[in-house]
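J.: Supplied in structure tokens, the structure appears directly below.
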Amino acid sequence: MPVVTPPTDEEWARRKLLSEYRSLKSLRTREINRLHAIFEHAGFTQFRRKDMCVPKNREEILPLLKGYEKDEAGRLAERLGLIEKQTGELYKKINEEVEKDDKVQKIMTVPGIGPITALSYVAYVGDVGRFENAHQISNFIGFVPKVDRSCTINRMGHITKLGNSLLRSLLVQAAWSCIRSKNGGALKEKYKYMAATRNIGKGKSIVTIARKLGELLYTLLKNNQIYEPKKFINPEIQISELVEQAAGA
């Protein structure tokens, strides 16, 4: 039977902190969507959702409403203020956890990895020594493809999506940030190669980068080192160079 390593008390506390933070962020998004819907139904279609994310903007546009819609929007604004206050307090606690953990700070040297993603990775993955290789990390997170085997048929399907959904979604978001960063390095070039050269869809390409990102974080933690940019080697160019060398020989 496989050995299951229970999380430590510190990892449990961090998971609860991250879970509550995510819950509040989702609740804030729902309340903003409801507030935006009130203004649209009242005929104020010029306002966007992002206009209502700032408390000052909400205070300026609320007087435009009348009747019950104004009262309802006022209650929504009050709830949003409380949610944003609590979210800010939790974010401070998250930063405190980041500052006192060297492992979290090491993987934050990777482009696209912020404090939320770094702390989530350390909290949910735990001791990387219990994994034999990087592929096991991808399997643990749920980034490996499903395999359908029957006789001579061997089909590779979508990713399994096993493991923690929060960590998986954060790594996908981090992958988008990485490929948009000036210091994206090999991962950024690999995305360009997959999406542009091989015409693979952006969705599949970014999931591949997220998987590589998760494996990279595992390698950094296992070797106790910080991120150093590496150049991506285009396999097509590498093959052509080998052919030229063989022809010259």
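Chain labels A, B, ... are given in the sequence in which chains occur in the structure tokens; within each chain residues are numbered consecutively from 1, and ligands are likewise numbered from 1 in the order shown.
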Show which residues sit within 8 Å of Ser165 of chain A, as a list of chain:residue names. Count only C-alpha atoms, and ignore same-chain residues fewer than 4 positions away.
T.: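 Near Ser165 of chain A, the qualifying residues are A:Ile141, A:Lys161, A:Ser169.
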J.: Quick one: everything within 12 Å of segment 199-206 of chain A, counting only C-alpha atoms, minus sequence neighbours fewer than 2 positions away in the same chain. Send it as number ranges by chain.
T.: A: 143-145, 157-159, 168-169, 171-180, 187-197, 208-213
J.: Near segment 70-78 of chain A, counting only C-alpha atoms, which residues have an atom at most 9 Å away, once you skip same-chain residues fewer than 5 positions from it, shown as a count of residues only?
T.: 14
J.: Counting only C-alpha atoms, what is within 12 Å of Val54 of chain A, bar same-chain residues fewer than 3 positions away, as a list in words?
T.: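 Returned residues: Arg28, Ile32, Arg48, Arg49, Lys50, Asp51, Asn57, Arg58, Glu59, Glu60, Ile61, Ala77, Leu80, Gly81 and Glu84 of chain A.
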J.: Using only C-alpha atoms, find the one residue out of A:Tyr68, A:Phe140, A:Tyr91, A:Tyr121 that sits nearest to Arg22 of chain A.
T.: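 Looking only at the distances to Arg22 of chain A, the closest residue turns out to be A:Tyr91.
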J.: Return the single residue from A:Lys56, A:Lys85, A:Lys66, A:Lys230 that is closest to His41 of chain A, with distances computed using only C-alpha atoms.
T.: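 Using only C-alpha atoms, His41 of chain A sits closest to A:Lys66.
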J.: Please provide as a count of residues only all residues within 9 Å of Thr219 of chain A, with the sequence filter that same-chain residues fewer than 6 positions apart are discarded (counting only C-alpha atoms).
T.: 4
J.: Among segment 22-140 of chain A, which residues carry a DSSP assignment of helix (DSSP H, G or I), reported as an MDAnalysis selection string?
T.: chainID A and resid 22:41 49:52 55:64 67:99 102:107 115:125 128:130 134:140
J.: What is the distance between atom CA of Ala123 of chain A and atom CA of Ser138 of chain A, in Å to one decimal?
T.: 15.8 Å
J.: Name the residues in contact with Pro229 of chain A at a cut-off of 9 Å, using only C-alpha atoms, excluding same-chain residues fewer than 3 positions from it; report them as a ChimeraX atom specification.
T.: /A:110,183-186
J.: Just the selected residues (N, CA, C and O atoms), exported as a PDB file, in the first residue's frame, please.
T.:
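As written to disk, out.pdb reads:
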ATOM      1  N   VAL A 110      11.202  32.574  -9.314  1.00  0.00           N
ATOM      2  CA  VAL A 110      10.740  32.156 -10.645  1.00  0.00           C
ATOM      3  C   VAL A 110       9.762  33.195 -11.181  1.00  0.00           C
ATOM      4  O   VAL A 110       8.845  33.609 -10.468  1.00  0.00           O
ATOM      5  N   ASN A 183      11.242  38.314 -18.328  1.00  0.00           N
ATOM      6  CA  ASN A 183      12.222  37.332 -17.859  1.00  0.00           C
ATOM      7  C   ASN A 183      11.647  35.919 -17.857  1.00  0.00           C
ATOM      8  O   ASN A 183      12.033  35.089 -17.035  1.00  0.00           O
ATOM      9  N   GLY A 184      10.720  35.656 -18.780  1.00  0.00           N
ATOM     10  CA  GLY A 184      10.089  34.339 -18.836  1.00  0.00           C
ATOM     11  C   GLY A 184      11.034  33.207 -19.152  1.00  0.00           C
ATOM     12  O   GLY A 184      10.791  32.060 -18.781  1.00  0.00           O
ATOM     13  N   GLY A 185      12.114  33.507 -19.852  1.00  0.00           N
ATOM     14  CA  GLY A 185      13.144  32.511 -20.127  1.00  0.00           C
ATOM     15  C   GLY A 185      12.673  31.363 -20.995  1.00  0.00           C
ATOM     16  O   GLY A 185      11.891  31.534 -21.943  1.00  0.00           O
ATOM     17  N   ALA A 186      13.136  30.155 -20.655  1.00  0.00           N
ATOM     18  CA  ALA A 186      12.863  28.971 -21.473  1.00  0.00           C
ATOM     19  C   ALA A 186      11.382  28.626 -21.517  1.00  0.00           C
ATOM     20  O   ALA A 186      10.882  28.160 -22.548  1.00  0.00           O
TER      21      ALA A 186
END
J.: Just the number, please: distance in Å from atom CA of Pro115 of chain A to atom CA of Arg15 of chain A, one decimal.
T.: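 Separating atom CA of Pro115 of chain A from atom CA of Arg15 of chain A is a distance of 13.7 Å.
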